[in-house]
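Reproduced below: data-v4.tsv, with TSV, C-alpha atoms.
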```tsv
chain	number	residue	atom	x	y	z
A	22	MET	CA	118.55	106.48	9.24
A	23	VAL	CA	118.69	103.26	7.22
A	24	ILE	CA	115.91	104.43	4.88
A	25	LYS	CA	117.46	107.89	4.52
A	26	THR	CA	120.84	106.41	3.57
A	27	ARG	CA	119.27	104.03	1.05
A	28	GLU	CA	117.16	106.83	-0.46
A	29	LYS	CA	120.21	109.10	-0.67
A	30	LEU	CA	122.16	106.40	-2.48
A	31	ILE	CA	119.31	105.88	-4.94
A	32	GLU	CA	119.02	109.62	-5.62
A	33	VAL	CA	122.79	110.04	-6.05
A	34	ALA	CA	122.89	107.03	-8.36
A	35	ARG	CA	119.97	108.42	-10.40
A	36	GLN	CA	121.80	111.70	-10.89
A	37	LEU	CA	125.05	109.99	-11.81
A	38	PHE	CA	123.32	107.59	-14.20
A	39	ALA	CA	121.68	110.58	-15.86
A	40	HIS	CA	124.92	112.55	-16.09
A	41	LYS	CA	127.45	109.84	-16.93
A	42	GLY	CA	125.28	106.96	-18.13
A	43	VAL	CA	124.73	103.70	-16.29
A	44	GLU	CA	127.67	101.98	-17.96
A	45	ASN	CA	130.10	104.77	-17.07
A	46	THR	CA	129.05	105.13	-13.44
A	47	THR	CA	130.99	103.03	-10.95
A	48	MET	CA	130.28	102.05	-7.38
A	49	ASN	CA	133.22	104.31	-6.44
A	50	ASP	CA	131.48	107.23	-8.18
A	51	ILE	CA	128.31	106.61	-6.18
A	52	ALA	CA	130.30	106.30	-2.95
A	53	ALA	CA	132.20	109.52	-3.55
A	54	ALA	CA	129.12	111.53	-4.61
A	55	SER	CA	127.08	110.32	-1.64
A	56	ASP	CA	129.88	110.84	0.90
A	57	LYS	CA	129.56	107.17	1.86
A	58	GLY	CA	132.08	104.40	1.72
A	59	ARG	CA	131.83	101.50	-0.70
A	60	ARG	CA	131.11	99.21	2.26
A	61	THR	CA	128.04	101.27	3.07
A	62	ILE	CA	126.77	100.96	-0.49
A	63	TYR	CA	127.27	97.19	-0.44
A	64	THR	CA	125.27	97.04	2.80
A	65	TYR	CA	122.24	98.19	0.81
A	66	PHE	CA	122.95	96.94	-2.71
A	67	LYS	CA	124.82	93.92	-4.03
A	68	ASN	CA	125.88	95.65	-7.23
A	69	LYS	CA	125.24	98.52	-9.62
A	70	ARG	CA	122.41	96.61	-11.33
A	71	GLU	CA	120.55	96.48	-8.02
A	72	ILE	CA	120.93	100.23	-7.56
A	73	TYR	CA	119.77	100.76	-11.13
A	74	ASN	CA	116.69	98.62	-10.47
A	75	ALA	CA	115.99	100.60	-7.29
A	76	VAL	CA	116.11	103.84	-9.30
A	77	ILE	CA	113.60	102.43	-11.79
A	78	GLU	CA	111.36	101.11	-9.02
A	79	LYS	CA	111.37	104.45	-7.20
A	80	GLU	CA	110.42	106.36	-10.33
A	81	SER	CA	107.64	103.92	-11.21
A	82	ASP	CA	106.29	103.92	-7.63
A	83	SER	CA	106.15	107.70	-7.71
A	84	ILE	CA	103.99	107.65	-10.84
A	85	VAL	CA	101.62	105.02	-9.44
A	86	GLU	CA	101.21	106.80	-6.08
A	87	LYS	CA	100.08	109.99	-7.77
A	88	LEU	CA	97.55	108.11	-9.89
A	89	LYS	CA	96.31	106.16	-6.89
A	90	GLU	CA	95.55	109.45	-5.12
A	91	VAL	CA	93.18	110.33	-7.95
A	92	GLN	CA	91.49	106.93	-7.83
A	93	LEU	CA	90.88	107.20	-4.09
A	94	SER	CA	89.61	110.78	-4.23
A	95	ASP	CA	85.96	111.73	-3.70
A	96	LEU	CA	85.61	113.19	-7.19
A	97	PRO	CA	82.86	111.95	-9.52
A	98	PRO	CA	84.11	109.24	-11.93
A	99	ALA	CA	84.27	111.54	-14.98
A	100	GLU	CA	86.44	114.02	-13.07
A	101	LYS	CA	88.62	111.21	-11.70
A	102	LEU	CA	89.18	110.00	-15.23
A	103	ARG	CA	89.92	113.50	-16.52
A	104	LEU	CA	92.31	114.26	-13.65
A	105	GLY	CA	93.92	110.81	-13.79
A	106	LEU	CA	94.70	111.14	-17.49
A	107	ARG	CA	95.99	114.68	-17.08
A	108	ARG	CA	98.11	113.73	-14.10
A	109	ARG	CA	99.60	110.74	-15.94
A	110	PHE	CA	100.61	112.91	-18.89
A	111	ASP	CA	101.99	115.62	-16.61
A	112	ILE	CA	104.01	113.19	-14.47
A	113	VAL	CA	105.91	111.81	-17.43
A	114	ALA	CA	106.38	115.26	-18.95
A	115	GLN	CA	107.83	116.50	-15.66
A	116	LEU	CA	110.02	113.43	-15.28
A	117	ALA	CA	111.41	113.79	-18.79
A	118	GLY	CA	111.77	117.56	-18.59
A	119	ARG	CA	112.70	117.98	-14.94
A	120	HIS	CA	116.34	118.26	-15.72
A	121	ASP	CA	118.44	117.96	-18.85
A	122	SER	CA	120.40	115.12	-17.31
A	123	ILE	CA	117.20	113.10	-16.76
A	124	ARG	CA	116.14	113.69	-20.33
A	125	THR	CA	119.61	112.69	-21.49
A	126	LEU	CA	119.33	109.48	-19.47
A	127	PHE	CA	116.01	108.65	-21.09
A	128	ILE	CA	117.37	109.31	-24.56
A	129	ARG	CA	120.58	107.45	-23.80
A	130	ASP	CA	118.84	104.49	-22.22
A	131	LEU	CA	115.50	103.90	-23.93
A	132	ARG	CA	115.44	100.46	-22.31
A	133	ARG	CA	115.14	102.22	-18.98
A	134	ILE	CA	112.09	104.22	-19.97
A	135	GLU	CA	110.61	101.04	-21.45
A	136	ARG	CA	111.17	99.15	-18.19
A	137	ILE	CA	109.55	101.93	-16.19
A	138	ARG	CA	106.65	101.98	-18.66
A	139	ARG	CA	106.15	98.21	-18.37
A	140	ILE	CA	106.22	98.30	-14.58
A	141	VAL	CA	103.83	101.22	-14.42
A	142	SER	CA	101.48	100.20	-17.24
A	143	SER	CA	99.97	97.19	-15.45
A	144	LYS	CA	99.41	99.25	-12.30
A	145	GLU	CA	98.04	102.13	-14.37
A	146	ALA	CA	95.65	99.72	-16.07
A	147	GLU	CA	94.36	98.51	-12.69
A	148	ILE	CA	93.76	102.09	-11.52
A	149	LEU	CA	92.06	103.00	-14.80
A	150	LYS	CA	89.85	99.90	-14.65
A	151	ALA	CA	88.82	100.75	-11.09
A	152	ILE	CA	87.83	104.28	-12.13
A	153	LEU	CA	85.95	102.92	-15.13
A	154	ALA	CA	84.17	100.28	-13.02
A	155	GLU	CA	83.10	102.97	-10.58
A	156	GLY	CA	81.82	105.08	-13.47
A	157	ILE	CA	79.91	102.16	-15.00
A	158	GLN	CA	78.42	101.20	-11.65
A	159	SER	CA	77.28	104.77	-10.95
A	160	GLY	CA	75.79	105.08	-14.44
A	161	ALA	CA	78.23	107.78	-15.50
A	162	PHE	CA	80.06	105.73	-18.18
A	163	ASP	CA	78.83	103.70	-21.11
A	164	PRO	CA	80.02	100.11	-20.47
A	165	THR	CA	80.90	99.39	-24.12
A	166	GLN	CA	82.89	102.57	-24.58
A	167	ALA	CA	84.57	102.18	-21.18
A	168	SER	CA	85.70	98.65	-22.07
A	169	ARG	CA	87.57	100.05	-25.08
A	170	LEU	CA	89.41	102.73	-23.16
A	171	PRO	CA	92.29	100.73	-21.57
A	172	ALA	CA	93.68	99.73	-24.99
A	173	LEU	CA	93.39	103.30	-26.26
A	174	THR	CA	95.09	104.83	-23.23
A	175	ALA	CA	97.94	102.32	-23.39
A	176	LEU	CA	98.72	103.50	-26.93
A	177	LEU	CA	98.19	107.14	-26.02
A	178	PHE	CA	100.52	106.89	-23.02
A	179	GLN	CA	103.22	105.16	-25.03
A	180	GLY	CA	103.10	107.77	-27.79
A	181	THR	CA	103.03	110.63	-25.31
A	182	ASP	CA	105.95	109.21	-23.35
A	183	TYR	CA	107.98	109.08	-26.55
A	184	ILE	CA	107.08	112.67	-27.45
A	185	ASN	CA	108.03	113.88	-23.96
A	186	VAL	CA	111.46	112.35	-24.31
A	187	LYS	CA	112.19	113.32	-27.91
A	188	ALA	CA	110.20	116.48	-28.70
A	189	GLU	CA	111.54	120.02	-28.80
A	190	PRO	CA	109.96	122.64	-26.46
A	191	GLU	CA	107.78	124.22	-29.16
A	192	GLU	CA	106.41	120.79	-30.12
A	193	LYS	CA	105.61	120.09	-26.47
A	194	ALA	CA	103.52	123.28	-26.17
A	195	ASN	CA	101.32	122.18	-29.08
A	196	HIS	CA	101.28	118.64	-27.70
A	197	SER	CA	99.90	119.88	-24.38
A	198	ARG	CA	96.93	121.50	-26.11
A	199	LEU	CA	96.28	118.34	-28.12
A	200	LEU	CA	96.38	116.25	-24.94
A	201	SER	CA	93.80	118.48	-23.27
A	202	GLU	CA	91.51	118.10	-26.26
A	203	SER	CA	92.11	114.33	-26.30
A	204	ILE	CA	91.24	114.03	-22.62
A	205	ASP	CA	88.00	115.94	-23.19
A	206	TYR	CA	87.20	113.72	-26.16
A	207	ILE	CA	87.83	110.54	-24.17
A	208	VAL	CA	85.81	111.59	-21.13
A	209	ASP	CA	82.95	112.95	-23.23
A	210	GLY	CA	83.04	109.81	-25.41
A	211	ILE	CA	82.46	107.36	-22.58
A	212	SER	CA	80.19	109.53	-20.46
A	213	ILE	CA	76.44	108.97	-20.49
A	214	LYS	CA	74.72	112.29	-20.94
```
Show this structure as structure tokens.
Amino acid sequence: MVIKTREKLIEVARQLFAHKGVENTTMNDIAAASDKGRRTIYTYFKNKREIYNAVIEKESDSIVEKLKEVQLSDLPPAEKLRLGLRRRFDIVAQLAGRHDSIRTLFIRDLRRIERIRRIVSSKEAEILKAILAEGIQSGAFDPTQASRLPALTALLFQGTDYINVKAEPEEKANHSRLLSESIDYIVDGISIK
């Protein structure tokens, strides 16, 4: 029950932040929308900043969990890399496009997307390095090329995240094709034939 209440408060806050903006959402708004009293909210969170941080943490944890699933799968390293890159791009595209209010929140609060990106990027890098190490160890990846990939993907992710937040639907369709080609290029470029 405690976890359900906390999760409900986080989800309600996320929706309100997206709709009204963080600055314009009050603890009373969260209480009313969640059908909980203010006392209940203060049992779980000291203030709105803490709820905001919980929203960011939940979104970043969701991204990392999905990438971790790929890392722990039984796929060959090249397929893990291909799927991991695709999944990462898709997760952010879905997050940004899931609902207009979420997209509005990202546009309205670019600091928020930057905080999520910073939190996730170090964990993403660890997952990527583990996949690359597995590929090098198995002889599937060229060690020199694999060592260059983390810097490239960091830039690619950052640019893609920006496009997902700002681009119009027709731009996103073309972007998806370009991402598929980029993933193929990356995987083929580090793979030992």
Which of these, A:Tyr73, A:Phe66, A:Phe110, A:Phe38, has the shortest distance to Arg198 of chain A once you count only C-alpha atoms?
-> A:Phe110
Using all atoms listed in the file, which of A:Leu170, A:His40, A:Ser201, A:Phe162 sits nearest Arg108 of chain A?
-> A:Ser201
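What separates atom CA of Ser55 of chain A from atom CA of Asn74 of chain A is a distance of 18.0 Å.
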Go through A:Gln115, A:Val85, A:Gly160, A:Leu106 one by one, measure the shortest atom-to-atom distance of each to Ile213 of chain A using only C-alpha atoms, and give the residue with the smallest value.
->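 Looking only at the distances to Ile213 of chain A, the closest residue turns out to be A:Gly160.
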Point out the residue among A:Asn195, A:Ser143, A:Thr165, A:Ser203 with the least atom-to-atom distance to Leu177 of chain A, counting all atoms listed in the file.
->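 Under the stated criterion, the closest residue is A:Ser203.
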Separation of atom CA of Ala99 of chain A and atom CA of Gly156 of chain A, in Å?
->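 Here the two named atoms are 7.1 Å from each other.
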Of the residues A:Ala39, A:Ala175, A:Leu104, A:Lys214, which is the one nearest to Gln92 of chain A, using all atoms listed in the file?
-> A:Leu104
Fewer than 2 positions away in the same chain doesn't count, so skip those; otherwise give me all residues within 12 Å of Ile62 of chain A, counting only C-alpha atoms, as an NGL selection string.
-> :A and (23 or 26-31 or 33-34 or 47-60 or 64-69 or 71-72)
Put those residues in a file: C-alpha atoms, as an mmCIF file, in the frame of the given file.
```
data_model
loop_
_atom_site.group_PDB
_atom_site.id
_atom_site.type_symbol
_atom_site.label_atom_id
_atom_site.label_comp_id
_atom_site.auth_asym_id
_atom_site.auth_seq_id
_atom_site.Cartn_x
_atom_site.Cartn_y
_atom_site.Cartn_z
ATOM 1 C CA VAL A 23 118.690 103.260 7.220
ATOM 2 C CA THR A 26 120.840 106.410 3.570
ATOM 3 C CA ARG A 27 119.270 104.030 1.050
ATOM 4 C CA GLU A 28 117.160 106.830 -0.460
ATOM 5 C CA LYS A 29 120.210 109.100 -0.670
ATOM 6 C CA LEU A 30 122.160 106.400 -2.480
ATOM 7 C CA ILE A 31 119.310 105.880 -4.940
ATOM 8 C CA VAL A 33 122.790 110.040 -6.050
ATOM 9 C CA ALA A 34 122.890 107.030 -8.360
ATOM 10 C CA THR A 47 130.990 103.030 -10.950
ATOM 11 C CA MET A 48 130.280 102.050 -7.380
ATOM 12 C CA ASN A 49 133.220 104.310 -6.440
ATOM 13 C CA ASP A 50 131.480 107.230 -8.180
ATOM 14 C CA ILE A 51 128.310 106.610 -6.180
ATOM 15 C CA ALA A 52 130.300 106.300 -2.950
ATOM 16 C CA ALA A 53 132.200 109.520 -3.550
ATOM 17 C CA ALA A 54 129.120 111.530 -4.610
ATOM 18 C CA SER A 55 127.080 110.320 -1.640
ATOM 19 C CA ASP A 56 129.880 110.840 0.900
ATOM 20 C CA LYS A 57 129.560 107.170 1.860
ATOM 21 C CA GLY A 58 132.080 104.400 1.720
ATOM 22 C CA ARG A 59 131.830 101.500 -0.700
ATOM 23 C CA ARG A 60 131.110 99.210 2.260
ATOM 24 C CA THR A 64 125.270 97.040 2.800
ATOM 25 C CA TYR A 65 122.240 98.190 0.810
ATOM 26 C CA PHE A 66 122.950 96.940 -2.710
ATOM 27 C CA LYS A 67 124.820 93.920 -4.030
ATOM 28 C CA ASN A 68 125.880 95.650 -7.230
ATOM 29 C CA LYS A 69 125.240 98.520 -9.620
ATOM 30 C CA GLU A 71 120.550 96.480 -8.020
ATOM 31 C CA ILE A 72 120.930 100.230 -7.560
#
```
Tell me which of A:Val43, A:Ala167, A:Ile204, A:Leu37 sits closest to Arg109 of chain A, counting all atoms listed in the file.
->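 Closest to Arg109 of chain A, using all atoms listed in the file: A:Ile204.
Atom CA of Tyr63 of chain A sits 27.6 Å away from atom CA of Ile84 of chain A.
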Expected answer as a list in words: all residues with atoms within 10 Å of (82.6, 100.7, -20.8), all atoms listed in the file =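 Taken together, the residues in range are Lys150, Leu153, Ala154, Gly156, Ile157, Ala161, Phe162, Asp163, Pro164, Thr165, Gln166, Ala167, Ser168, Arg169, Leu170, Pro171, Ile211 and Ser212 of chain A.
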Output, as lines of an AutoDock Vina configuration file, the centre and edge lengths in Å (one decimal) of the axis-aligned box that contains all listed atoms of segment 90-97 of chain A with 5 Å of margin on each side.
```
center_x = 89.2
center_y = 110.1
center_z = -6.6
size_x = 22.7
size_y = 16.3
size_z = 15.8
```
Quick one: segment 140-161 of chain A with N, CA and C atoms, as an mmCIF file, keeping the file's coordinate frame?
```cif
data_model
loop_
_atom_site.group_PDB
_atom_site.id
_atom_site.type_symbol
_atom_site.label_atom_id
_atom_site.label_comp_id
_atom_site.auth_asym_id
_atom_site.auth_seq_id
_atom_site.Cartn_x
_atom_site.Cartn_y
_atom_site.Cartn_z
ATOM 1 N N ILE A 140 106.550 98.436 -15.999
ATOM 2 C CA ILE A 140 106.220 98.300 -14.580
ATOM 3 C C ILE A 140 104.972 99.104 -14.251
ATOM 4 N N VAL A 141 104.930 100.314 -14.743
ATOM 5 C CA VAL A 141 103.830 101.220 -14.420
ATOM 6 C C VAL A 141 102.553 100.847 -15.176
ATOM 7 N N SER A 142 102.668 100.381 -16.403
ATOM 8 C CA SER A 142 101.480 100.200 -17.240
ATOM 9 C C SER A 142 100.479 99.221 -16.645
ATOM 10 N N SER A 143 100.931 98.137 -16.043
ATOM 11 C CA SER A 143 99.970 97.190 -15.450
ATOM 12 C C SER A 143 99.276 97.815 -14.238
ATOM 13 N N LYS A 144 100.012 98.585 -13.464
ATOM 14 C CA LYS A 144 99.410 99.250 -12.300
ATOM 15 C C LYS A 144 98.485 100.377 -12.750
ATOM 16 N N GLU A 145 98.899 101.097 -13.796
ATOM 17 C CA GLU A 145 98.040 102.130 -14.370
ATOM 18 C C GLU A 145 96.732 101.526 -14.859
ATOM 19 N N ALA A 146 96.838 100.391 -15.526
ATOM 20 C CA ALA A 146 95.650 99.720 -16.070
ATOM 21 C C ALA A 146 94.687 99.340 -14.942
ATOM 22 N N GLU A 147 95.214 98.858 -13.828
ATOM 23 C CA GLU A 147 94.360 98.510 -12.690
ATOM 24 C C GLU A 147 93.640 99.747 -12.144
ATOM 25 N N ILE A 148 94.364 100.838 -12.017
ATOM 26 C CA ILE A 148 93.760 102.090 -11.520
ATOM 27 C C ILE A 148 92.700 102.579 -12.489
ATOM 28 N N LEU A 149 93.015 102.567 -13.781
ATOM 29 C CA LEU A 149 92.060 103.000 -14.800
ATOM 30 C C LEU A 149 90.808 102.127 -14.761
ATOM 31 N N LYS A 150 90.992 100.817 -14.679
ATOM 32 C CA LYS A 150 89.850 99.900 -14.650
ATOM 33 C C LYS A 150 88.979 100.138 -13.416
ATOM 34 N N ALA A 151 89.597 100.462 -12.299
ATOM 35 C CA ALA A 151 88.820 100.750 -11.090
ATOM 36 C C ALA A 151 87.988 102.018 -11.260
ATOM 37 N N ILE A 152 88.575 103.041 -11.867
ATOM 38 C CA ILE A 152 87.830 104.280 -12.130
ATOM 39 C C ILE A 152 86.692 104.006 -13.106
ATOM 40 N N LEU A 153 86.982 103.238 -14.146
ATOM 41 C CA LEU A 153 85.950 102.920 -15.130
ATOM 42 C C LEU A 153 84.830 102.084 -14.513
ATOM 43 N N ALA A 154 85.185 101.110 -13.692
ATOM 44 C CA ALA A 154 84.170 100.280 -13.020
ATOM 45 C C ALA A 154 83.276 101.130 -12.133
ATOM 46 N N GLU A 155 83.875 102.062 -11.426
ATOM 47 C CA GLU A 155 83.100 102.970 -10.580
ATOM 48 C C GLU A 155 82.145 103.809 -11.444
ATOM 49 N N GLY A 156 82.648 104.287 -12.572
ATOM 50 C CA GLY A 156 81.820 105.080 -13.470
ATOM 51 C C GLY A 156 80.685 104.279 -14.093
ATOM 52 N N ILE A 157 80.949 103.033 -14.441
ATOM 53 C CA ILE A 157 79.910 102.160 -15.000
ATOM 54 C C ILE A 157 78.855 101.871 -13.926
ATOM 55 N N GLN A 158 79.330 101.529 -12.745
ATOM 56 C CA GLN A 158 78.420 101.200 -11.650
ATOM 57 C C GLN A 158 77.533 102.389 -11.268
ATOM 58 N N SER A 159 78.066 103.578 -11.314
ATOM 59 C CA SER A 159 77.280 104.770 -10.950
ATOM 60 C C SER A 159 76.396 105.255 -12.103
ATOM 61 N N GLY A 160 76.574 104.657 -13.287
ATOM 62 C CA GLY A 160 75.790 105.080 -14.440
ATOM 63 C C GLY A 160 76.377 106.264 -15.183
ATOM 64 N N ALA A 161 77.591 106.639 -14.848
ATOM 65 C CA ALA A 161 78.230 107.780 -15.500
ATOM 66 C C ALA A 161 78.880 107.416 -16.825
#
```
